[in-house]
>>> print(open('run26.cif').read())   # mmCIF, C-alpha atoms
data_protein
#
loop_
_atom_site.label_atom_id
_atom_site.label_comp_id
_atom_site.auth_asym_id
_atom_site.auth_seq_id
_atom_site.Cartn_x
_atom_site.Cartn_y
_atom_site.Cartn_z
CA MET A 1226 -16.05 -10.67 -4.83
CA ALA A 1227 -18.50 -8.09 -6.14
CA GLN A 1228 -21.48 -10.43 -5.76
CA LEU A 1229 -20.64 -11.35 -2.17
CA ALA A 1230 -19.76 -7.76 -1.27
CA GLY A 1231 -23.10 -6.64 -2.66
CA LYS A 1232 -25.01 -9.21 -0.63
CA LYS A 1233 -23.15 -8.30 2.56
CA LYS A 1234 -23.19 -4.58 1.75
CA SER A 1235 -19.52 -4.35 2.65
CA ARG A 1236 -16.34 -3.13 0.97
CA ILE A 1237 -14.16 -4.22 3.89
CA VAL A 1238 -11.31 -6.74 3.64
CA VAL A 1239 -9.83 -7.46 7.07
CA ALA A 1240 -6.06 -8.00 7.05
CA LEU A 1241 -5.02 -10.73 9.49
CA ASP A 1242 -1.53 -9.32 10.07
CA PRO A 1243 -0.74 -9.63 13.81
CA ALA A 1244 2.52 -8.64 15.47
CA ALA A 1245 5.43 -11.08 15.34
CA ASN A 1246 5.13 -11.90 19.04
CA LYS A 1247 1.44 -12.75 18.84
CA ARG A 1248 0.67 -16.14 20.35
CA ASN A 1249 -1.96 -18.68 19.31
CA LEU A 1250 -2.11 -17.37 15.76
CA LYS A 1251 -4.71 -19.82 14.50
CA GLN A 1252 -7.02 -18.96 17.38
CA PHE A 1253 -6.41 -15.25 16.77
CA ALA A 1254 -7.38 -15.64 13.10
CA ILE A 1255 -10.51 -17.67 13.86
CA ARG A 1256 -11.65 -15.31 16.61
CA THR A 1257 -11.18 -12.30 14.34
CA ILE A 1258 -13.02 -14.01 11.49
CA ASP A 1259 -15.94 -14.82 13.77
CA ALA A 1260 -16.02 -11.25 15.08
CA VAL A 1261 -15.96 -9.45 11.73
CA ALA A 1262 -17.91 -11.91 9.58
CA GLY A 1263 -21.04 -9.78 9.56
CA GLU A 1264 -19.18 -6.60 8.61
CA ALA A 1265 -16.59 -7.72 6.03
CA CYS A 1266 -16.58 -9.45 2.66
CA ALA A 1267 -13.09 -11.00 2.80
CA VAL A 1268 -9.98 -11.56 4.87
CA LYS A 1269 -6.36 -11.17 3.74
CA PHE A 1270 -3.50 -13.38 4.94
CA ASN A 1271 0.06 -12.05 4.84
CA PHE A 1272 3.30 -13.74 5.90
CA HIS A 1273 2.33 -13.02 9.53
CA LEU A 1274 0.21 -16.19 9.27
CA LEU A 1275 1.49 -17.90 6.15
CA LEU A 1276 4.98 -18.51 7.52
CA PRO A 1277 4.37 -19.65 11.13
CA LEU A 1278 1.23 -21.73 10.48
CA SER A 1279 1.25 -25.09 8.73
CA SER A 1280 -0.66 -25.60 5.50
CA ARG A 1281 -3.15 -27.73 7.44
CA GLU A 1282 -3.74 -24.94 9.96
CA ILE A 1283 -4.16 -22.35 7.21
CA ALA A 1284 -6.68 -24.63 5.49
CA GLU A 1285 -8.62 -24.80 8.75
CA VAL A 1286 -8.69 -21.01 8.94
CA THR A 1287 -9.79 -20.55 5.31
CA LYS A 1288 -12.50 -23.17 5.85
CA ARG A 1289 -13.75 -21.20 8.86
CA ALA A 1290 -13.75 -18.00 6.80
CA HIS A 1291 -15.74 -19.65 4.01
CA SER A 1292 -18.25 -20.96 6.52
CA ARG A 1293 -18.77 -17.34 7.60
CA ARG A 1294 -19.19 -16.17 3.98
CA LEU A 1295 -15.78 -14.50 3.74
CA LEU A 1296 -13.43 -14.86 0.78
CA CYS A 1297 -9.72 -15.43 1.43
CA ILE A 1298 -6.87 -13.52 -0.23
CA ALA A 1299 -3.23 -14.62 -0.04
CA ASP A 1300 -1.05 -11.53 0.10
CA ILE A 1301 2.32 -12.97 -0.89
CA LYS A 1302 3.07 -10.52 -3.72
CA LEU A 1303 4.19 -13.28 -6.07
CA ASN A 1304 7.16 -12.17 -8.16
CA ASP A 1305 9.27 -14.99 -9.56
CA ILE A 1306 9.75 -17.05 -12.70
CA GLY A 1307 6.64 -18.65 -14.17
CA ASP A 1308 7.16 -22.19 -12.87
CA THR A 1309 7.80 -21.00 -9.32
CA ASN A 1310 4.78 -18.72 -9.37
CA GLU A 1311 2.54 -21.53 -10.56
CA VAL A 1312 3.76 -23.96 -7.89
CA ALA A 1313 3.05 -21.32 -5.23
CA LEU A 1314 -0.43 -20.75 -6.66
CA GLU A 1315 -1.21 -24.47 -6.62
CA HIS A 1316 -0.28 -24.70 -2.95
CA LEU A 1317 -2.41 -21.66 -2.13
CA ALA A 1318 -5.38 -23.19 -3.95
CA LYS A 1319 -5.02 -26.38 -1.89
CA MET A 1320 -5.05 -24.29 1.29
CA GLY A 1321 -8.39 -22.79 0.29
CA PHE A 1322 -7.47 -19.34 -1.00
CA ASP A 1323 -9.85 -17.63 -3.41
CA ALA A 1324 -7.29 -15.14 -4.76
CA ALA A 1325 -3.63 -14.18 -4.55
CA ILE A 1326 -1.75 -10.91 -4.93
CA ALA A 1327 1.09 -10.75 -7.47
CA ASN A 1328 3.70 -8.14 -8.40
CA PRO A 1329 3.66 -7.11 -12.10
CA PHE A 1330 7.43 -6.53 -11.87
CA MET A 1331 7.73 -10.18 -12.95
CA GLY A 1332 6.99 -9.12 -16.54
CA ALA A 1333 3.95 -8.73 -18.76
CA ASN A 1334 3.89 -12.23 -20.25
CA THR A 1335 4.64 -13.93 -16.93
CA LEU A 1336 1.84 -12.01 -15.25
CA ALA A 1337 -0.60 -12.91 -18.01
CA SER A 1338 0.35 -16.60 -17.74
CA LEU A 1339 -0.12 -16.48 -13.98
CA ALA A 1340 -3.58 -14.95 -14.37
CA LYS A 1341 -4.54 -17.81 -16.70
CA LYS A 1342 -3.20 -20.34 -14.18
CA ALA A 1343 -5.16 -18.71 -11.38
CA HIS A 1344 -8.37 -18.82 -13.39
CA ALA A 1345 -7.77 -22.48 -14.30
CA LEU A 1346 -7.52 -23.20 -10.56
CA GLY A 1347 -10.73 -21.29 -9.88
CA MET A 1348 -8.84 -18.44 -8.22
CA GLY A 1349 -8.56 -14.73 -8.84
CA LEU A 1350 -5.34 -12.79 -9.31
CA ILE A 1351 -4.86 -9.27 -7.95
CA ALA A 1352 -1.95 -7.18 -9.25
CA LEU A 1353 0.05 -4.82 -7.05
CA VAL A 1354 0.16 -1.37 -8.70
CA TYR A 1355 1.08 1.07 -5.89
CA MET A 1356 1.69 0.29 -2.22
CA SER A 1357 0.52 2.34 0.75
CA HIS A 1358 3.67 2.90 2.84
CA PRO A 1359 5.74 6.14 2.72
CA ASP A 1360 8.61 4.62 0.71
CA ALA A 1361 6.30 3.35 -2.05
CA ALA A 1362 7.40 6.17 -4.35
CA ASP A 1363 10.96 4.80 -4.28
CA GLY A 1364 9.79 1.93 -6.45
CA TYR A 1365 6.29 2.40 -7.84
CA GLY A 1366 6.87 6.11 -8.42
CA LEU A 1367 10.09 5.70 -10.39
CA GLN A 1368 10.41 6.72 -14.00
CA ALA A 1369 11.31 3.77 -16.22
CA HIS A 1370 13.21 3.88 -19.49
CA GLY A 1371 11.31 6.19 -21.81
CA GLY A 1372 9.96 8.33 -18.96
CA MET A 1373 6.90 6.23 -18.10
CA MET A 1374 6.11 5.86 -14.40
CA MET A 1375 6.43 2.34 -12.99
CA TYR A 1376 2.89 2.25 -11.58
CA ARG A 1377 1.49 3.13 -14.99
CA ILE A 1378 3.48 0.28 -16.53
CA PHE A 1379 2.16 -2.06 -13.84
CA LEU A 1380 -1.41 -0.87 -14.43
CA ASP A 1381 -1.04 -1.48 -18.16
CA ARG A 1382 0.31 -4.99 -17.53
CA ALA A 1383 -2.54 -5.72 -15.13
CA ILE A 1384 -5.17 -4.64 -17.65
CA LYS A 1385 -3.63 -6.65 -20.48
CA ALA A 1386 -3.23 -9.72 -18.27
CA TYR A 1387 -6.97 -9.71 -17.42
CA VAL A 1388 -6.35 -9.81 -13.70
CA ASP A 1389 -9.28 -9.67 -11.31
CA GLY A 1390 -8.26 -6.54 -9.44
CA ILE A 1391 -5.39 -4.25 -8.51
CA VAL A 1392 -3.89 -2.97 -5.26
CA VAL A 1393 -3.41 0.79 -4.84
CA GLY A 1394 -2.77 2.27 -1.40
CA ALA A 1395 -5.52 4.30 0.24
CA THR A 1396 -2.79 6.87 1.00
CA GLN A 1397 -2.36 7.52 -2.74
CA ALA A 1398 -5.44 9.65 -3.50
CA ASP A 1399 -3.96 11.23 -6.64
CA ILE A 1400 -3.04 7.82 -8.07
CA LEU A 1401 -6.48 6.45 -7.23
CA ASN A 1402 -8.13 9.38 -9.02
CA GLU A 1403 -5.88 8.92 -12.04
CA ILE A 1404 -6.66 5.21 -12.27
CA SER A 1405 -10.37 5.87 -11.85
CA GLU A 1406 -10.27 8.23 -14.84
CA LYS A 1407 -8.25 5.69 -16.83
CA LYS A 1408 -10.84 3.01 -16.18
CA LYS A 1409 -13.59 5.33 -17.39
CA GLU A 1410 -11.58 6.19 -20.48
CA LEU A 1411 -11.04 2.51 -21.32
CA LYS A 1412 -14.56 1.55 -20.20
CA ILE A 1413 -13.28 -1.32 -18.08
CA SER A 1414 -14.24 -2.75 -14.72
CA LEU A 1415 -11.13 -3.37 -12.64
CA PRO A 1416 -11.74 -3.54 -8.87
CA VAL A 1417 -9.30 -1.55 -6.75
CA TYR A 1418 -8.20 -2.89 -3.36
CA SER A 1419 -6.71 -0.27 -1.04
CA PRO A 1420 -4.64 -1.00 2.06
CA GLY A 1421 -3.39 1.72 4.39
CA VAL A 1422 -6.63 2.92 5.98
CA GLY A 1423 -6.31 3.73 9.67
CA ALA A 1424 -2.86 2.91 11.06
CA GLN A 1425 -1.03 4.17 7.95
CA GLY A 1426 -3.08 7.34 7.72
CA GLY A 1427 -5.40 6.56 4.83
CA ASP A 1428 -8.95 7.90 5.04
CA ALA A 1429 -11.75 5.44 4.25
CA ARG A 1430 -14.18 7.95 2.79
CA GLN A 1431 -11.55 9.72 0.71
CA ALA A 1432 -10.21 6.44 -0.66
CA VAL A 1433 -13.65 5.30 -1.82
CA LYS A 1434 -14.38 8.74 -3.23
CA SER A 1435 -11.10 8.59 -5.15
CA GLY A 1436 -11.82 5.19 -6.65
CA SER A 1437 -11.23 2.39 -4.14
CA ASP A 1438 -13.71 -0.47 -4.40
CA TYR A 1439 -12.47 -2.41 -1.37
CA LEU A 1440 -10.61 -1.23 1.73
CA ILE A 1441 -8.01 -3.53 3.27
CA ILE A 1442 -7.85 -2.74 6.98
CA GLY A 1443 -5.83 -4.58 9.62
CA ARG A 1444 -4.64 -3.07 12.89
CA SER A 1445 -7.49 -0.57 13.23
CA ILE A 1446 -9.88 -3.54 13.34
CA PHE A 1447 -8.12 -6.53 14.88
CA GLN A 1448 -6.42 -4.48 17.61
CA ALA A 1449 -9.73 -2.87 18.61
CA LYS A 1450 -11.35 -3.90 21.87
CA ASP A 1451 -14.55 -4.55 19.93
CA GLN A 1452 -13.48 -5.86 16.52
CA ALA A 1453 -17.02 -6.10 15.19
CA ALA A 1454 -17.78 -2.50 16.09
CA ALA A 1455 -14.55 -1.29 14.48
CA ALA A 1456 -15.29 -3.22 11.29
CA ARG A 1457 -18.85 -1.87 11.28
CA ARG A 1458 -17.60 1.69 11.58
CA PHE A 1459 -15.36 1.30 8.54
CA ARG A 1460 -18.10 -0.48 6.61
CA LEU A 1461 -20.44 2.44 7.16
CA LEU A 1462 -17.74 5.00 6.32
CA ALA A 1463 -16.99 3.17 3.05
CA ALA A 1464 -20.68 3.02 2.22
CA SER A 1465 -21.00 6.82 2.47
CA PRO A 1466 -17.88 8.34 0.87
CA SER A 1467 -19.28 11.87 0.76
CA PRO A 1468 -18.79 13.66 4.13
#
>>> encode(input="run26.cif", output="structure tokens")
Amino acid sequence: MAQLAGKKKSRIVVALDPAANKRNLKQFAIRTIDAVAGEACAVKFNFHLLLPLSSREIAEVTKRAHSRRLLCIADIKLNDIGDTNEVALEHLAKMGFDAAIANPFMGANTLASLAKKAHALGMGLIALVYMSHPDAADGYGLQAHGGMMMYRIFLDRAIKAYVDGIVVGATQADILNEISEKKKELKISLPVYSPGVGAQGGDARQAVKSGSDYLIIGRSIFQAKDQAAAARRFRLLAASPSP
């Protein structure tokens, strides 16, 4: 991701998450990909596309994205037993995905095994550490047995599993700052992907300033009248985090 993002000078991942009543989903995805290709480095697919489209249709969309120099992330938040996770990952690889998002709640050893499986398939694995929505604290902000916060446990699991990145909401500036300091302390490179910019209230500049490496943005881009212009605006904001 870093190499492609550097070449395209973009930190923007466009989330292809249309409303449930959206028609012609494949065409929507392809049109959006074509519009934002010059301004983004990747696109993210959630269940909005993964459930209604066939595997063949999804493969067609990922192929289009690759032809436009965009990487493809499957946002399914994998969280099951090892065998089930691996079967899911194999199907995602066949559909052309470059990376998948997983939930560390599955357990430290299971997450580590999944990361190895992803790498064997030529994919990356991104671990979910703290979500962006208002209720995120009800889970990721809980204190576990022994007083340790859940997101800190998830971060520790992600680091030890050698995942390829973590997800932390752009709305969680304090958590982003904390993780940024932790990375410096441990002298590690762990890319941070941050959803929640725009529609959920996250600020692009603040998120990057606090430690986000990539901004995951959906509605503020694909609902815009000019998707390319919207993506460009966020790309430029992310490139200059200091007001």
>>> residues_around(input="run26.cif", residues="region 1344-1358 of chain A", least_positions_apart="2", cutoff="6 Å", atoms="all atoms listed in the file", output="VMD selection string")
chain A and resid 1323 to 1328 1340 to 1342 1360 to 1361 1365 1376 1379 to 1380 1388 to 1394 1396 1421
>>> atom_distance(input="run26.cif", atom1="CA of Gln1431 (chain A)", atom2="CA of Ser1445 (chain A)")
16.7 Å
>>> closest_residue(input="run26.cif", among="A:Ile1255, A:His1316, A:Leu1295, A:Asp1300", to="Ser1279 (chain A)", atoms="only C-alpha atoms")
A:His1316
>>> atom_distance(input="run26.cif", atom1="CA of Ala1337 (chain A)", atom2="CA of Ala1267 (chain A)")
24.3 Å
>>> residues_around(input="run26.cif", residues="Arg1457 (chain A)", least_positions_apart="3", cutoff="10 Å", atoms="all atoms listed in the file", output="PyMOL selection string")
chain A and resi 1235+1237+1261+1263-1265+1446+1452-1454+1460-1463
>>> resolve_selection(input="run26.cif", expression="the PyMOL selection byres ((chain A and resi 1399) around 12)", output="ChimeraX atom specification")
/A:1355,1393-1398,1400-1406,1431-1432,1434-1437
>>> resolve_selection(input="run26.cif", expression="the PyMOL selection byres ((chain A and resi 1332-1336) around 8)", output="JSON, numbers by chain")
{"A": [1306, 1307, 1327, 1329, 1330, 1331, 1337, 1338, 1339, 1340, 1382, 1383, 1386]}
>>> closest_residue(input="run26.cif", among="A:Val1422, A:Ala1318, A:Ala1464, A:Met1373", to="Ala1240 (chain A)", atoms="all atoms listed in the file")
A:Val1422
>>> closest_residue(input="run26.cif", among="A:Asp1428, A:Ile1301, A:Met1226, A:Leu1415", to="Val1238 (chain A)", atoms="all atoms listed in the file")
A:Met1226
>>> residues_around(input="run26.cif", residues="Ile1258 (chain A)", least_positions_apart="4", cutoff="9 Å", atoms="only C-alpha atoms", output="compact mmCIF listing (two decimals) with C-alpha atoms, in the coordinates of the input")
# COMPACT_ATOMS: atom_id res chain seq x y z
CA VAL A 1239 -9.83 -7.46 7.07
CA LEU A 1241 -5.02 -10.73 9.49
CA PHE A 1253 -6.41 -15.25 16.77
CA ALA A 1254 -7.38 -15.64 13.10
CA ALA A 1262 -17.91 -11.91 9.58
CA VAL A 1268 -9.98 -11.56 4.87
CA VAL A 1286 -8.69 -21.01 8.94
CA ARG A 1289 -13.75 -21.20 8.86
CA ALA A 1290 -13.75 -18.00 6.80
CA ARG A 1293 -18.77 -17.34 7.60
CA LEU A 1295 -15.78 -14.50 3.74
>>> build_atoms(input="run26.cif", residues="region 1405-1416 of chain A", atoms="all heavy atoms", output="mmCIF file, keeping the file's coordinate frame")
data_model
loop_
_atom_site.group_PDB
_atom_site.id
_atom_site.type_symbol
_atom_site.label_atom_id
_atom_site.label_comp_id
_atom_site.auth_asym_id
_atom_site.auth_seq_id
_atom_site.Cartn_x
_atom_site.Cartn_y
_atom_site.Cartn_z
ATOM 1 N N SER A 1405 -8.924 5.823 -11.669
ATOM 2 C CA SER A 1405 -10.370 5.870 -11.850
ATOM 3 C C SER A 1405 -10.724 6.505 -13.198
ATOM 4 O O SER A 1405 -11.592 6.006 -13.938
ATOM 5 C CB SER A 1405 -11.017 6.664 -10.715
ATOM 6 O OG SER A 1405 -12.415 6.708 -10.858
ATOM 7 N N GLU A 1406 -10.042 7.579 -13.543
ATOM 8 C CA GLU A 1406 -10.270 8.230 -14.840
ATOM 9 C C GLU A 1406 -9.832 7.327 -15.996
ATOM 10 O O GLU A 1406 -10.488 7.281 -17.046
ATOM 11 C CB GLU A 1406 -9.519 9.562 -14.902
ATOM 12 C CG GLU A 1406 -10.080 10.635 -13.983
ATOM 13 C CD GLU A 1406 -11.547 10.929 -14.273
ATOM 14 O OE1 GLU A 1406 -11.892 11.091 -15.472
ATOM 15 O OE2 GLU A 1406 -12.341 10.966 -13.319
ATOM 16 N N LYS A 1407 -8.738 6.615 -15.802
ATOM 17 C CA LYS A 1407 -8.250 5.690 -16.830
ATOM 18 C C LYS A 1407 -9.258 4.584 -17.085
ATOM 19 O O LYS A 1407 -9.509 4.201 -18.236
ATOM 20 C CB LYS A 1407 -6.906 5.099 -16.378
ATOM 21 C CG LYS A 1407 -6.237 4.192 -17.405
ATOM 22 C CD LYS A 1407 -5.696 4.977 -18.577
ATOM 23 C CE LYS A 1407 -4.889 4.110 -19.510
ATOM 24 N NZ LYS A 1407 -4.373 4.856 -20.672
ATOM 25 N N LYS A 1408 -9.837 4.057 -16.044
ATOM 26 C CA LYS A 1408 -10.840 3.010 -16.180
ATOM 27 C C LYS A 1408 -12.069 3.518 -16.955
ATOM 28 O O LYS A 1408 -12.617 2.810 -17.804
ATOM 29 C CB LYS A 1408 -11.260 2.506 -14.805
ATOM 30 C CG LYS A 1408 -10.213 1.633 -14.123
ATOM 31 C CD LYS A 1408 -10.494 1.441 -12.643
ATOM 32 C CE LYS A 1408 -11.848 0.859 -12.369
ATOM 33 N NZ LYS A 1408 -12.078 0.670 -10.908
ATOM 34 N N LYS A 1409 -12.463 4.747 -16.659
ATOM 35 C CA LYS A 1409 -13.590 5.330 -17.390
ATOM 36 C C LYS A 1409 -13.254 5.515 -18.860
ATOM 37 O O LYS A 1409 -14.077 5.240 -19.740
ATOM 38 C CB LYS A 1409 -13.959 6.690 -16.767
ATOM 39 C CG LYS A 1409 -14.583 6.602 -15.388
ATOM 40 C CD LYS A 1409 -14.839 7.982 -14.823
ATOM 41 C CE LYS A 1409 -15.375 7.926 -13.407
ATOM 42 N NZ LYS A 1409 -15.548 9.292 -12.825
ATOM 43 N N GLU A 1410 -12.035 5.976 -19.104
ATOM 44 C CA GLU A 1410 -11.580 6.190 -20.480
ATOM 45 C C GLU A 1410 -11.586 4.882 -21.278
ATOM 46 O O GLU A 1410 -12.010 4.842 -22.442
ATOM 47 C CB GLU A 1410 -10.175 6.779 -20.466
ATOM 48 C CG GLU A 1410 -9.541 6.976 -21.831
ATOM 49 C CD GLU A 1410 -8.070 7.367 -21.734
ATOM 50 O OE1 GLU A 1410 -7.692 8.039 -20.752
ATOM 51 O OE2 GLU A 1410 -7.300 6.985 -22.639
ATOM 52 N N LEU A 1411 -11.121 3.810 -20.650
ATOM 53 C CA LEU A 1411 -11.040 2.510 -21.320
ATOM 54 C C LEU A 1411 -12.342 1.718 -21.221
ATOM 55 O O LEU A 1411 -12.476 0.661 -21.853
ATOM 56 C CB LEU A 1411 -9.899 1.689 -20.708
ATOM 57 C CG LEU A 1411 -8.487 2.248 -20.881
ATOM 58 C CD1 LEU A 1411 -7.484 1.375 -20.143
ATOM 59 C CD2 LEU A 1411 -8.122 2.347 -22.365
ATOM 60 N N LYS A 1412 -13.266 2.208 -20.407
ATOM 61 C CA LYS A 1412 -14.560 1.550 -20.200
ATOM 62 C C LYS A 1412 -14.364 0.119 -19.691
ATOM 63 O O LYS A 1412 -14.911 -0.853 -20.246
ATOM 64 C CB LYS A 1412 -15.397 1.561 -21.481
ATOM 65 C CG LYS A 1412 -15.757 2.958 -21.952
ATOM 66 C CD LYS A 1412 -16.578 2.926 -23.229
ATOM 67 C CE LYS A 1412 -16.924 4.334 -23.679
ATOM 68 N NZ LYS A 1412 -17.715 4.344 -24.953
ATOM 69 N N ILE A 1413 -13.554 -0.009 -18.656
ATOM 70 C CA ILE A 1413 -13.280 -1.320 -18.080
ATOM 71 C C ILE A 1413 -13.680 -1.344 -16.612
ATOM 72 O O ILE A 1413 -13.735 -0.309 -15.943
ATOM 73 C CB ILE A 1413 -11.792 -1.706 -18.205
ATOM 74 C CG1 ILE A 1413 -10.896 -0.683 -17.478
ATOM 75 C CG2 ILE A 1413 -11.386 -1.855 -19.656
ATOM 76 C CD1 ILE A 1413 -9.449 -1.098 -17.378
ATOM 77 N N SER A 1414 -13.959 -2.544 -16.140
ATOM 78 C CA SER A 1414 -14.240 -2.750 -14.720
ATOM 79 C C SER A 1414 -13.043 -3.475 -14.120
ATOM 80 O O SER A 1414 -12.763 -4.620 -14.471
ATOM 81 C CB SER A 1414 -15.495 -3.602 -14.545
ATOM 82 O OG SER A 1414 -15.718 -3.904 -13.192
ATOM 83 N N LEU A 1415 -12.315 -2.805 -13.263
ATOM 84 C CA LEU A 1415 -11.130 -3.370 -12.640
ATOM 85 C C LEU A 1415 -11.149 -2.987 -11.158
ATOM 86 O O LEU A 1415 -10.752 -1.873 -10.803
ATOM 87 C CB LEU A 1415 -9.858 -2.843 -13.317
ATOM 88 C CG LEU A 1415 -8.525 -3.444 -12.848
ATOM 89 C CD1 LEU A 1415 -8.475 -4.929 -13.167
ATOM 90 C CD2 LEU A 1415 -7.352 -2.716 -13.517
ATOM 91 N N PRO A 1416 -11.624 -3.873 -10.304
ATOM 92 C CA PRO A 1416 -11.740 -3.540 -8.870
ATOM 93 C C PRO A 1416 -10.414 -3.105 -8.253
ATOM 94 O O PRO A 1416 -9.363 -3.690 -8.540
ATOM 95 C CB PRO A 1416 -12.223 -4.861 -8.253
ATOM 96 C CG PRO A 1416 -12.894 -5.583 -9.375
ATOM 97 C CD PRO A 1416 -12.108 -5.232 -10.600
#
